[in-house]
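work_27.pdb, holding PDB, C-alpha atoms:
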MODEL        1
ATOM      1  CA  MET A 133     112.291  45.028 222.673
ATOM      2  CA  PRO A 134     110.832  46.688 225.784
ATOM      3  CA  ASP A 135     108.608  49.701 225.377
ATOM      4  CA  VAL A 136     110.104  53.139 225.942
ATOM      5  CA  SER A 137     109.070  54.402 229.369
ATOM      6  CA  LEU A 138     109.354  57.760 231.056
ATOM      7  CA  SER A 139     112.472  56.792 232.996
ATOM      8  CA  TRP A 140     114.394  56.270 229.736
ATOM      9  CA  TYR A 141     113.889  59.898 228.780
ATOM     10  CA  LEU A 142     114.818  61.022 232.293
ATOM     11  CA  ALA A 143     117.995  58.930 232.208
ATOM     12  CA  LEU A 144     118.963  60.356 228.810
ATOM     13  CA  SER A 145     118.313  63.855 230.111
ATOM     14  CA  ALA A 146     120.439  63.219 233.197
ATOM     15  CA  ILE A 147     123.300  61.936 231.021
ATOM     16  CA  LEU A 148     123.147  64.979 228.741
ATOM     17  CA  PHE A 149     122.992  67.352 231.725
ATOM     18  CA  THR A 150     126.002  65.672 233.348
ATOM     19  CA  ILE A 151     127.996  65.939 230.121
ATOM     20  CA  GLY A 152     127.078  69.626 230.025
ATOM     21  CA  VAL A 153     128.210  70.194 233.608
ATOM     22  CA  ALA A 154     131.455  68.342 232.916
ATOM     23  CA  GLY A 155     132.005  70.520 229.853
ATOM     24  CA  VAL A 156     131.486  73.742 231.794
ATOM     25  CA  ILE A 157     133.995  72.543 234.394
ATOM     26  CA  ILE A 158     136.594  71.198 231.956
ATOM     27  CA  LYS A 159     136.472  73.779 229.168
ATOM     28  CA  ARG A 160     138.466  76.990 229.346
ATOM     29  CA  ASN A 161     137.212  78.569 226.134
ATOM     30  CA  ALA A 162     134.325  80.952 226.878
ATOM     31  CA  ILE A 163     132.360  80.030 223.737
ATOM     32  CA  ALA A 164     132.729  76.286 224.434
ATOM     33  CA  MET A 165     131.480  76.842 228.002
ATOM     34  CA  PHE A 166     128.558  78.774 226.586
ATOM     35  CA  MET A 167     127.664  75.861 224.304
ATOM     36  CA  CYS A 168     127.829  73.438 227.245
ATOM     37  CA  ILE A 169     125.314  75.645 229.083
ATOM     38  CA  GLU A 170     123.031  75.402 226.054
ATOM     39  CA  LEU A 171     123.397  71.617 226.262
ATOM     40  CA  MET A 172     122.286  71.674 229.926
ATOM     41  CA  LEU A 173     119.250  73.812 229.057
ATOM     42  CA  ASN A 174     118.311  71.311 226.369
ATOM     43  CA  ALA A 175     118.632  68.377 228.757
ATOM     44  CA  VAL A 176     116.161  70.070 231.085
ATOM     45  CA  ASN A 177     113.842  70.790 228.148
ATOM     46  CA  LEU A 178     113.785  67.071 227.384
ATOM     47  CA  THR A 179     112.501  66.258 230.890
ATOM     48  CA  PHE A 180     109.820  68.938 230.525
ATOM     49  CA  VAL A 181     108.599  67.538 227.220
ATOM     50  CA  ALA A 182     108.740  63.936 228.467
ATOM     51  CA  PHE A 183     106.694  64.690 231.586
ATOM     52  CA  SER A 184     104.308  66.869 229.596
ATOM     53  CA  SER A 185     103.492  64.208 227.048
ATOM     54  CA  TYR A 186     103.326  61.344 229.576
ATOM     55  CA  PHE A 187     100.988  63.229 231.909
ATOM     56  CA  ARG A 188      98.914  64.786 229.104
ATOM     57  CA  ASP A 189      99.514  68.321 230.356
ATOM     58  CA  VAL A 190     100.556  71.086 227.987
ATOM     59  CA  SER A 191     102.144  73.225 230.746
ATOM     60  CA  GLY A 192     105.517  71.519 230.417
ATOM     61  CA  GLN A 193     105.719  72.303 226.733
ATOM     62  CA  LEU A 194     104.844  75.947 227.372
ATOM     63  CA  PHE A 195     107.656  76.043 229.898
ATOM     64  CA  VAL A 196     110.022  74.696 227.239
ATOM     65  CA  PHE A 197     108.854  77.488 224.962
ATOM     66  CA  ILE A 198     109.793  80.066 227.597
ATOM     67  CA  VAL A 199     113.111  78.354 228.333
ATOM     68  CA  MET A 200     113.954  78.594 224.623
ATOM     69  CA  THR A 201     113.193  82.318 224.667
ATOM     70  CA  VAL A 202     115.421  82.811 227.693
ATOM     71  CA  ALA A 203     118.147  80.807 225.934
ATOM     72  CA  ALA A 204     117.892  83.074 222.905
ATOM     73  CA  ALA A 205     118.166  86.176 225.094
ATOM     74  CA  GLU A 206     121.082  84.566 226.930
ATOM     75  CA  ALA A 207     122.804  83.851 223.614
ATOM     76  CA  ALA A 208     122.505  87.463 222.487
ATOM     77  CA  VAL A 209     123.750  88.985 225.751
ATOM     78  CA  GLY A 210     126.324  86.254 226.478
ATOM     79  CA  LEU A 211     127.937  86.504 223.074
ATOM     80  CA  GLY A 212     127.955  90.289 223.427
ATOM     81  CA  ILE A 213     129.863  89.919 226.706
ATOM     82  CA  ILE A 214     132.270  87.448 225.081
ATOM     83  CA  LEU A 215     132.907  89.932 222.259
ATOM     84  CA  ALA A 216     133.526  92.751 224.737
ATOM     85  CA  VAL A 217     135.942  90.608 226.789
ATOM     86  CA  PHE A 218     137.778  89.515 223.640
ATOM     87  CA  ARG A 219     138.117  93.120 222.550
ATOM     88  CA  ASN A 220     139.768  94.044 225.855
ATOM     89  CA  ARG A 221     142.003  91.007 226.410
ATOM     90  CA  GLU A 222     142.366  89.452 222.936
ATOM     91  CA  SER A 223     141.778  86.038 224.467
ATOM     92  CA  LEU A 224     138.778  83.812 225.036
ATOM     93  CA  ASP A 225     140.446  81.808 227.803
ATOM     94  CA  VAL A 226     138.436  82.330 230.977
ATOM     95  CA  ASP A 227     141.605  81.984 233.063
ATOM     96  CA  ASP A 228     142.887  85.172 231.418
ATOM     97  CA  SER A 229     139.854  87.127 232.567
ATOM     98  CA  SER A 230     139.665  86.159 236.225
ATOM     99  CA  VAL A 231     139.624  89.819 237.277
ATOM    100  CA  LEU A 232     136.743  92.074 236.324
ATOM    101  CA  LYS A 233     138.821  95.250 236.423
ATOM    102  CA  ASN A 234     140.176  96.498 233.054
TER     103      ASN A 234
ATOM    104  CA  MET B 261     109.921  50.684 216.259
ATOM    105  CA  THR B 262     109.645  53.492 218.810
ATOM    106  CA  THR B 263     112.254  51.792 220.964
ATOM    107  CA  LEU B 264     114.632  51.528 218.020
ATOM    108  CA  LEU B 265     114.060  55.183 217.187
ATOM    109  CA  PHE B 266     114.679  56.188 220.810
ATOM    110  CA  VAL B 267     117.928  54.222 220.971
ATOM    111  CA  LEU B 268     119.155  55.716 217.691
ATOM    112  CA  LEU B 269     118.319  59.297 218.638
ATOM    113  CA  ALA B 270     119.607  58.920 222.197
ATOM    114  CA  GLY B 271     122.852  57.483 220.838
ATOM    115  CA  LEU B 272     123.184  60.400 218.436
ATOM    116  CA  ALA B 273     122.479  62.880 221.249
ATOM    117  CA  ILE B 274     124.963  61.349 223.696
ATOM    118  CA  GLY B 275     127.632  60.869 221.033
ATOM    119  CA  SER B 276     127.312  64.450 219.835
ATOM    120  CA  ALA B 277     127.335  65.736 223.426
ATOM    121  CA  ILE B 278     130.554  63.861 224.187
ATOM    122  CA  ALA B 279     132.071  65.149 220.943
ATOM    123  CA  LEU B 280     131.044  68.665 221.985
ATOM    124  CA  VAL B 281     133.071  68.391 225.194
ATOM    125  CA  VAL B 282     136.029  66.486 223.739
ATOM    126  CA  GLN B 283     136.613  68.650 220.627
ATOM    127  CA  ARG B 284     139.280  71.305 220.967
ATOM    128  CA  ASN B 285     138.197  73.387 217.990
ATOM    129  CA  PRO B 286     135.116  75.465 218.982
ATOM    130  CA  LEU B 287     133.697  75.249 215.459
ATOM    131  CA  TYR B 288     133.582  71.441 215.613
ATOM    132  CA  SER B 289     131.982  71.763 219.064
ATOM    133  CA  ALA B 290     129.283  73.973 217.541
ATOM    134  CA  ILE B 291     128.574  71.411 214.814
ATOM    135  CA  SER B 292     128.329  68.642 217.440
ATOM    136  CA  LEU B 293     125.882  70.796 219.388
ATOM    137  CA  ILE B 294     123.713  71.085 216.269
ATOM    138  CA  GLY B 295     123.737  67.253 216.190
ATOM    139  CA  VAL B 296     122.416  67.213 219.781
ATOM    140  CA  PHE B 297     119.672  69.692 218.862
ATOM    141  CA  ILE B 298     118.559  67.639 215.860
ATOM    142  CA  ALA B 299     118.509  64.414 217.929
ATOM    143  CA  LEU B 300     116.436  66.151 220.605
ATOM    144  CA  ALA B 301     114.020  67.439 217.951
ATOM    145  CA  GLY B 302     113.562  63.833 216.825
ATOM    146  CA  LEU B 303     112.915  62.775 220.428
ATOM    147  CA  TYR B 304     110.287  65.519 220.753
ATOM    148  CA  LEU B 305     108.579  64.031 217.697
ATOM    149  CA  THR B 306     108.486  60.571 219.312
ATOM    150  CA  LEU B 307     107.017  62.273 222.418
ATOM    151  CA  ALA B 308     104.150  63.635 220.275
ATOM    152  CA  ALA B 309     105.320  67.263 220.456
ATOM    153  CA  PRO B 310     105.674  68.287 216.778
ATOM    154  CA  PHE B 311     105.438  72.021 217.459
ATOM    155  CA  LEU B 312     108.381  71.985 219.867
ATOM    156  CA  ALA B 313     110.370  69.826 217.440
ATOM    157  CA  ALA B 314     109.942  72.474 214.747
ATOM    158  CA  ILE B 315     110.753  75.288 217.187
ATOM    159  CA  GLN B 316     113.827  73.374 218.368
ATOM    160  CA  ILE B 317     115.189  73.237 214.825
ATOM    161  CA  ILE B 318     114.236  76.811 213.916
ATOM    162  CA  VAL B 319     115.265  78.616 217.121
ATOM    163  CA  TYR B 320     118.136  76.495 218.423
ATOM    164  CA  ALA B 321     119.742  74.924 215.371
ATOM    165  CA  GLY B 322     118.802  77.924 213.264
ATOM    166  CA  ALA B 323     119.010  81.168 215.179
ATOM    167  CA  ILE B 324     121.150  80.514 218.267
ATOM    168  CA  MET B 325     123.753  78.343 216.577
ATOM    169  CA  VAL B 326     124.102  80.767 213.669
ATOM    170  CA  LEU B 327     124.878  83.443 216.272
ATOM    171  CA  VAL B 328     127.458  81.216 217.978
ATOM    172  CA  VAL B 329     129.131  80.172 214.720
ATOM    173  CA  PHE B 330     129.131  83.798 213.607
ATOM    174  CA  VAL B 331     130.964  84.865 216.773
ATOM    175  CA  ILE B 332     133.438  81.976 216.463
ATOM    176  CA  MET B 333     134.300  83.007 212.910
ATOM    177  CA  LEU B 334     134.333  86.701 213.787
ATOM    178  CA  LEU B 335     136.860  86.205 216.581
ATOM    179  CA  ASN B 336     138.921  83.711 214.578
ATOM    180  CA  VAL B 337     139.233  81.424 217.608
ATOM    181  CA  GLU B 338     142.264  79.189 217.550
ATOM    182  CA  GLU B 339     142.306  75.655 218.927
ATOM    183  CA  GLU B 340     142.783  75.282 222.646
ATOM    184  CA  GLU B 341     146.278  74.276 223.588
ATOM    185  CA  ARG B 342     146.688  71.441 226.030
ATOM    186  CA  LYS B 343     147.299  72.578 229.560
ATOM    187  CA  PRO B 344     148.014  70.475 232.623
ATOM    188  CA  LEU B 345     145.000  69.841 234.839
ATOM    189  CA  ARG B 346     144.798  72.110 237.853
ATOM    190  CA  MET B 347     143.610  69.393 240.202
ATOM    191  CA  GLY B 348     145.720  68.045 243.031
ATOM    192  CA  TYR B 349     144.126  66.625 246.148
ATOM    193  CA  LEU B 350     140.799  67.610 244.558
ATOM    194  CA  THR B 351     140.880  64.372 242.536
ATOM    195  CA  VAL B 352     140.250  62.328 245.681
ATOM    196  CA  ILE B 353     137.294  64.496 246.699
ATOM    197  CA  ALA B 354     135.944  64.330 243.140
ATOM    198  CA  ILE B 355     136.006  60.527 243.129
ATOM    199  CA  LEU B 356     134.227  60.412 246.492
ATOM    200  CA  LEU B 357     131.537  62.860 245.381
ATOM    201  CA  ALA B 358     131.074  60.971 242.106
ATOM    202  CA  ALA B 359     130.559  57.740 244.073
ATOM    203  CA  ILE B 360     127.883  59.454 246.199
ATOM    204  CA  LEU B 361     126.207  60.805 243.044
ATOM    205  CA  PHE B 362     126.120  57.366 241.425
ATOM    206  CA  GLY B 363     124.701  55.907 244.634
ATOM    207  CA  GLU B 364     121.901  58.461 244.635
ATOM    208  CA  ALA B 365     121.170  57.863 240.946
ATOM    209  CA  GLY B 366     120.950  54.121 241.531
ATOM    210  CA  PHE B 367     118.640  54.677 244.518
ATOM    211  CA  ILE B 368     116.295  56.820 242.391
ATOM    212  CA  LEU B 369     116.310  54.335 239.508
ATOM    213  CA  TYR B 370     115.477  51.518 241.949
ATOM    214  CA  PHE B 371     112.459  53.448 243.241
ATOM    215  CA  ILE B 372     111.282  54.432 239.749
ATOM    216  CA  GLY B 373     111.436  50.762 238.789
ATOM    217  CA  ASN B 374     109.203  49.828 241.744
ATOM    218  CA  SER B 375     106.831  52.777 241.416
ATOM    219  CA  PRO B 376     103.144  51.786 241.152
ATOM    220  CA  LEU B 377     102.327  54.955 239.209
ATOM    221  CA  GLU B 378     102.782  54.327 235.499
ATOM    222  CA  PRO B 379     101.971  57.373 233.340
ATOM    223  CA  LEU B 380     100.240  57.084 229.992
ATOM    224  CA  SER B 381     102.610  56.433 227.136
ATOM    225  CA  PRO B 382     102.156  58.825 224.209
ATOM    226  CA  ASN B 383     103.201  56.052 221.849
ATOM    227  CA  ALA B 384     100.621  53.420 222.860
ATOM    228  CA  VAL B 385      97.695  52.841 220.489
ATOM    229  CA  GLY B 386      94.499  54.683 221.427
ATOM    230  CA  ASN B 387      96.318  57.244 223.525
ATOM    231  CA  ALA B 388      96.042  60.077 221.032
ATOM    232  CA  SER B 389      95.578  63.529 222.501
ATOM    233  CA  ASN B 390      95.924  67.070 221.260
ATOM    234  CA  VAL B 391      98.651  67.946 223.801
ATOM    235  CA  GLY B 392     101.683  69.190 221.915
ATOM    236  CA  LEU B 393      99.833  70.319 218.832
ATOM    237  CA  THR B 394     100.104  73.959 217.852
ATOM    238  CA  ALA B 395      96.487  74.721 218.755
ATOM    239  CA  SER B 396      96.767  73.495 222.348
ATOM    240  CA  ILE B 397     100.089  75.304 222.843
ATOM    241  CA  GLY B 398      98.611  78.534 221.500
ATOM    242  CA  THR B 399      95.563  78.206 223.738
ATOM    243  CA  GLY B 400      97.722  77.650 226.811
ATOM    244  CA  LEU B 401     100.091  80.471 225.909
ATOM    245  CA  PHE B 402      97.359  83.066 225.500
ATOM    246  CA  THR B 403      95.068  82.048 228.381
ATOM    247  CA  THR B 404      96.665  80.462 231.451
ATOM    248  CA  TYR B 405     100.218  81.586 230.740
ATOM    249  CA  LEU B 406      99.549  85.023 229.296
ATOM    250  CA  LEU B 407     101.547  86.875 231.968
ATOM    251  CA  PRO B 408     104.748  84.770 231.541
ATOM    252  CA  PHE B 409     104.374  85.252 227.798
ATOM    253  CA  GLU B 410     104.285  89.043 228.164
ATOM    254  CA  ILE B 411     107.195  88.985 230.623
ATOM    255  CA  THR B 412     109.151  86.974 228.048
ATOM    256  CA  SER B 413     108.619  89.699 225.473
ATOM    257  CA  VAL B 414     109.930  92.310 227.926
ATOM    258  CA  LEU B 415     112.923  90.038 228.574
ATOM    259  CA  LEU B 416     113.658  89.874 224.849
ATOM    260  CA  LEU B 417     113.498  93.659 224.621
ATOM    261  CA  MET B 418     115.965  93.911 227.515
ATOM    262  CA  ALA B 419     118.236  91.422 225.780
ATOM    263  CA  ILE B 420     118.217  93.521 222.598
ATOM    264  CA  VAL B 421     119.070  96.702 224.508
ATOM    265  CA  GLY B 422     121.728  94.889 226.580
ATOM    266  CA  ALA B 423     123.389  93.331 223.549
ATOM    267  CA  MET B 424     123.509  96.688 221.761
ATOM    268  CA  THR B 425     124.961  98.413 224.835
ATOM    269  CA  LEU B 426     127.630  95.729 225.147
ATOM    270  CA  ALA B 427     128.568  95.778 221.482
ATOM    271  CA  ARG B 428     128.725  99.583 221.255
ATOM    272  CA  ARG B 429     132.084 101.291 221.482
ATOM    273  CA  VAL B 430     132.459 104.555 223.311
ATOM    274  CA  GLY B 431     133.018 107.665 221.208
ATOM    275  CA  LEU B 432     132.105 106.207 217.855
ATOM    276  CA  ARG B 433     130.239 108.150 215.232
ATOM    277  CA  PRO B 434     127.711 106.396 212.994
ATOM    278  CA  THR B 435     129.922 106.919 209.950
ATOM    279  CA  ASP B 436     132.900 105.122 211.514
ATOM    280  CA  LEU B 437     133.696 101.773 209.995
ATOM    281  CA  VAL B 438     134.276  99.250 212.774
ATOM    282  CA  ILE B 439     136.170  96.049 212.150
ATOM    283  CA  PRO B 440     135.300  93.795 215.117
ATOM    284  CA  GLY B 441     138.057  91.599 216.461
ATOM    285  CA  ALA B 442     140.683  92.842 214.036
ATOM    286  CA  GLN B 443     143.159  95.011 215.877
ATOM    287  CA  THR B 444     145.673  95.455 213.085
ATOM    288  CA  LEU B 445     144.784  97.016 209.772
ATOM    289  CA  THR B 446     146.887  97.720 206.721
ATOM    290  CA  ARG B 447     147.193 101.181 205.298
ATOM    291  CA  GLN B 448     145.580 100.186 202.025
ATOM    292  CA  THR B 449     142.352  99.184 203.737
ATOM    293  CA  LEU B 450     142.052 102.659 205.208
ATOM    294  CA  ASP B 451     143.196 104.935 202.429
ATOM    295  CA  PRO B 452     141.766 104.260 198.966
ATOM    296  CA  LYS B 453     144.691 106.036 197.346
ATOM    297  CA  ALA B 454     147.384 103.913 199.039
ATOM    298  CA  ILE B 455     146.729 100.651 197.219
ATOM    299  CA  GLY B 456     149.613  98.246 197.629
ATOM    300  CA  ASP B 457     150.772  99.810 200.897
ATOM    301  CA  ALA B 458     150.561  97.024 203.485
ATOM    302  CA  THR B 459     151.945  98.998 206.445
ATOM    303  CA  GLU B 460     150.229  97.667 209.552
ATOM    304  CA  VAL B 461     148.393 100.030 211.867
ATOM    305  CA  GLU B 462     147.275  99.223 215.405
ATOM    306  CA  SER B 463     143.644 100.154 215.717
ATOM    307  CA  SER B 464     140.164  98.872 216.204
ATOM    308  CA  THR B 465     138.369 101.462 214.087
ATOM    309  CA  THR B 466     139.142 103.215 210.863
ATOM    310  CA  ALA B 467     138.912 106.602 212.539
ATOM    311  CA  GLU B 468     141.646 105.693 215.023
ATOM    312  CA  ALA B 469     143.831 104.300 212.273
ATOM    313  CA  ALA B 470     143.321 107.396 210.199
ATOM    314  CA  ARG B 471     144.444 109.515 213.126
ATOM    315  CA  VAL B 472     147.542 107.360 213.579
ATOM    316  CA  LEU B 473     148.366 107.662 209.900
ATOM    317  CA  GLY B 474     147.657 111.363 209.770
ATOM    318  CA  LEU B 475     144.880 110.818 207.295
ATOM    319  CA  GLU B 476     142.348 113.064 208.988
ATOM    320  CA  GLY B 477     139.892 114.349 206.436
ATOM    321  CA  VAL B 478     140.050 111.300 204.164
ATOM    322  CA  PRO B 479     136.544 109.834 203.650
ATOM    323  CA  ARG B 480     136.068 107.154 206.306
ATOM    324  CA  ARG B 481     133.798 104.928 204.302
ATOM    325  CA  ARG B 482     135.280 102.851 201.573
ATOM    326  CA  GLU B 483     133.445 103.307 198.302
ATOM    327  CA  GLU B 484     132.565  99.862 197.008
TER     328      GLU B 484
ENDMDL
END
Translate this file's structure into structure tokens.
Amino acid sequence: MPDVSLSWYLALSAILFTIGVAGVIIKRNAIAMFMCIELMLNAVNLTFVAFSSYFRDVSGQLFVFIVMTVAAAEAAVGLGIILAVFRNRESLDVDDSSVLKN
Amino acid sequence: MTTLLFVLLAGLAIGSAIALVVQRNPLYSAISLIGVFIALAGLYLTLAAPFLAAIQIIVYAGAIMVLVVFVIMLLNVEEEERKPLRMGYLTVIAILLAAILFGEAGFILYFIGNSPLEPLSPNAVGNASNVGLTASIGTGLFTTYLLPFEITSVLLLMAIVGAMTLARRVGLRPTDLVIPGAQTLTRQTLDPKAIGDATEVESSTTAEAARVLGLEGVPRRREE
């Protein structure tokens, strides 16, 4: 078997990111779209870690650390917004909330 | 061995990611996403980043996904119904753009394959380093990247305040019992004396329901 090289990790990351983008486009449920965004963030994290460990530089891993913090903040605020929208419209379908008013 | 591990974990990650998009029930999507997180944590381990692997499990699979699953259960989300696709002539444009994207990806892969620069593999023998260990991450976080670290803490504070502002309802007193998501309550859940009375009341808080029922003055907290 060939040895795992950097491009394998990058290819895997690209595949995961593309699946995430496709999910955001296809899905209509707000929570499912939110989870697809998390998937995209994780795909990017994988490239950071791969580059960091192949180039022996810890900066990439610190960046992943910060991305995870931002993702946690995003989860708290995003789910709060989803709750508020659900309370007003009783639906999670993003097509039902295409207007910000009311 | 490493190659086998990579293929297994990558397969798990891609399979779970596809399941995440294909599933119609959001709860199953959430469980698939946890599969992706665990596979990525395994990949971080093969990349000699044990600290990030642990953080991945604790923060993502632990904290964030618990929040998501909690919201899914709180809102009692039903399965998505099938709707016709909204695309018309857009399909043609999509196929063209996808062809361009694949062309670009192939171009990049061709150049990566012919690149003279080959980085050090973390898995090769004699390539051990302390990058990715907790000590080196801590050193980097508190020396070179101290300012981003502090900004991150401010960001988290803003997220806490923002989430509380969003979740708060206007005109609520601290003693009001709020039932999130549920818009219809029965009389017996509001009035301890009316056990067996299942009359439904439109409301989002007990105080509102009490007003509708004319139960002003009844204690608003249920005694457990």
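Straight-line separation from atom CA of A:Ser191 to atom CA of B:Gly400: 7.4 Å.
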At a cut-off of 8 Å, list the chain A residues touching chain B, using only C-alpha atoms, as a PDB file with C-alpha atoms, in the coordinates of the input.
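To be explicit, this is the file written out as iface_38.pdb:
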ATOM      1  CA  MET A 133     112.291  45.028 222.673  1.00  0.00           C
ATOM      2  CA  PRO A 134     110.832  46.688 225.784  1.00  0.00           C
ATOM      3  CA  ASP A 135     108.608  49.701 225.377  1.00  0.00           C
ATOM      4  CA  VAL A 136     110.104  53.139 225.942  1.00  0.00           C
ATOM      5  CA  SER A 137     109.070  54.402 229.369  1.00  0.00           C
ATOM      6  CA  LEU A 138     109.354  57.760 231.056  1.00  0.00           C
ATOM      7  CA  SER A 139     112.472  56.792 232.996  1.00  0.00           C
ATOM      8  CA  LEU A 144     118.963  60.356 228.810  1.00  0.00           C
ATOM      9  CA  ILE A 147     123.300  61.936 231.021  1.00  0.00           C
ATOM     10  CA  LEU A 148     123.147  64.979 228.741  1.00  0.00           C
ATOM     11  CA  ILE A 151     127.996  65.939 230.121  1.00  0.00           C
ATOM     12  CA  GLY A 152     127.078  69.626 230.025  1.00  0.00           C
ATOM     13  CA  ALA A 154     131.455  68.342 232.916  1.00  0.00           C
ATOM     14  CA  GLY A 155     132.005  70.520 229.853  1.00  0.00           C
ATOM     15  CA  LYS A 159     136.472  73.779 229.168  1.00  0.00           C
ATOM     16  CA  ASN A 161     137.212  78.569 226.134  1.00  0.00           C
ATOM     17  CA  ILE A 163     132.360  80.030 223.737  1.00  0.00           C
ATOM     18  CA  ALA A 164     132.729  76.286 224.434  1.00  0.00           C
ATOM     19  CA  MET A 167     127.664  75.861 224.304  1.00  0.00           C
ATOM     20  CA  CYS A 168     127.829  73.438 227.245  1.00  0.00           C
ATOM     21  CA  LEU A 171     123.397  71.617 226.262  1.00  0.00           C
ATOM     22  CA  ASN A 174     118.311  71.311 226.369  1.00  0.00           C
ATOM     23  CA  LEU A 178     113.785  67.071 227.384  1.00  0.00           C
ATOM     24  CA  VAL A 181     108.599  67.538 227.220  1.00  0.00           C
ATOM     25  CA  ALA A 182     108.740  63.936 228.467  1.00  0.00           C
ATOM     26  CA  SER A 185     103.492  64.208 227.048  1.00  0.00           C
ATOM     27  CA  TYR A 186     103.326  61.344 229.576  1.00  0.00           C
ATOM     28  CA  PHE A 187     100.988  63.229 231.909  1.00  0.00           C
ATOM     29  CA  ARG A 188      98.914  64.786 229.104  1.00  0.00           C
ATOM     30  CA  ASP A 189      99.514  68.321 230.356  1.00  0.00           C
ATOM     31  CA  VAL A 190     100.556  71.086 227.987  1.00  0.00           C
ATOM     32  CA  SER A 191     102.144  73.225 230.746  1.00  0.00           C
ATOM     33  CA  GLN A 193     105.719  72.303 226.733  1.00  0.00           C
ATOM     34  CA  LEU A 194     104.844  75.947 227.372  1.00  0.00           C
ATOM     35  CA  PHE A 197     108.854  77.488 224.962  1.00  0.00           C
ATOM     36  CA  ILE A 198     109.793  80.066 227.597  1.00  0.00           C
ATOM     37  CA  MET A 200     113.954  78.594 224.623  1.00  0.00           C
ATOM     38  CA  THR A 201     113.193  82.318 224.667  1.00  0.00           C
ATOM     39  CA  VAL A 202     115.421  82.811 227.693  1.00  0.00           C
ATOM     40  CA  ALA A 204     117.892  83.074 222.905  1.00  0.00           C
ATOM     41  CA  ALA A 205     118.166  86.176 225.094  1.00  0.00           C
ATOM     42  CA  GLU A 206     121.082  84.566 226.930  1.00  0.00           C
ATOM     43  CA  ALA A 207     122.804  83.851 223.614  1.00  0.00           C
ATOM     44  CA  ALA A 208     122.505  87.463 222.487  1.00  0.00           C
ATOM     45  CA  VAL A 209     123.750  88.985 225.751  1.00  0.00           C
ATOM     46  CA  LEU A 211     127.937  86.504 223.074  1.00  0.00           C
ATOM     47  CA  GLY A 212     127.955  90.289 223.427  1.00  0.00           C
ATOM     48  CA  ILE A 213     129.863  89.919 226.706  1.00  0.00           C
ATOM     49  CA  LEU A 215     132.907  89.932 222.259  1.00  0.00           C
ATOM     50  CA  ALA A 216     133.526  92.751 224.737  1.00  0.00           C
ATOM     51  CA  PHE A 218     137.778  89.515 223.640  1.00  0.00           C
ATOM     52  CA  ARG A 219     138.117  93.120 222.550  1.00  0.00           C
ATOM     53  CA  LEU A 224     138.778  83.812 225.036  1.00  0.00           C
TER      54      LEU A 224
END
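Between atom CA of A:Thr150 and atom CA of B:Leu269 the interatomic distance comes to 17.8 Å.
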Put the listed atoms of stretch 200-211 of chain A in a box along x, y and z with 4 Å added on every side and give me the centre and edge lengths in Å to one decimal, as JSON.
{"center_x": 120.6, "center_y": 83.8, "center_z": 225.1, "size_x": 22.7, "size_y": 18.4, "size_z": 13.2}
Q. With only C-alpha atoms as the atoms that count, which of A:Val196, A:Ile158, A:Val153, A:Leu142 lies nearest to A:Met172?
A. A:Val153
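You will find atom CA of B:Gly295 at 10.5 Å from atom CA of B:Ile317.
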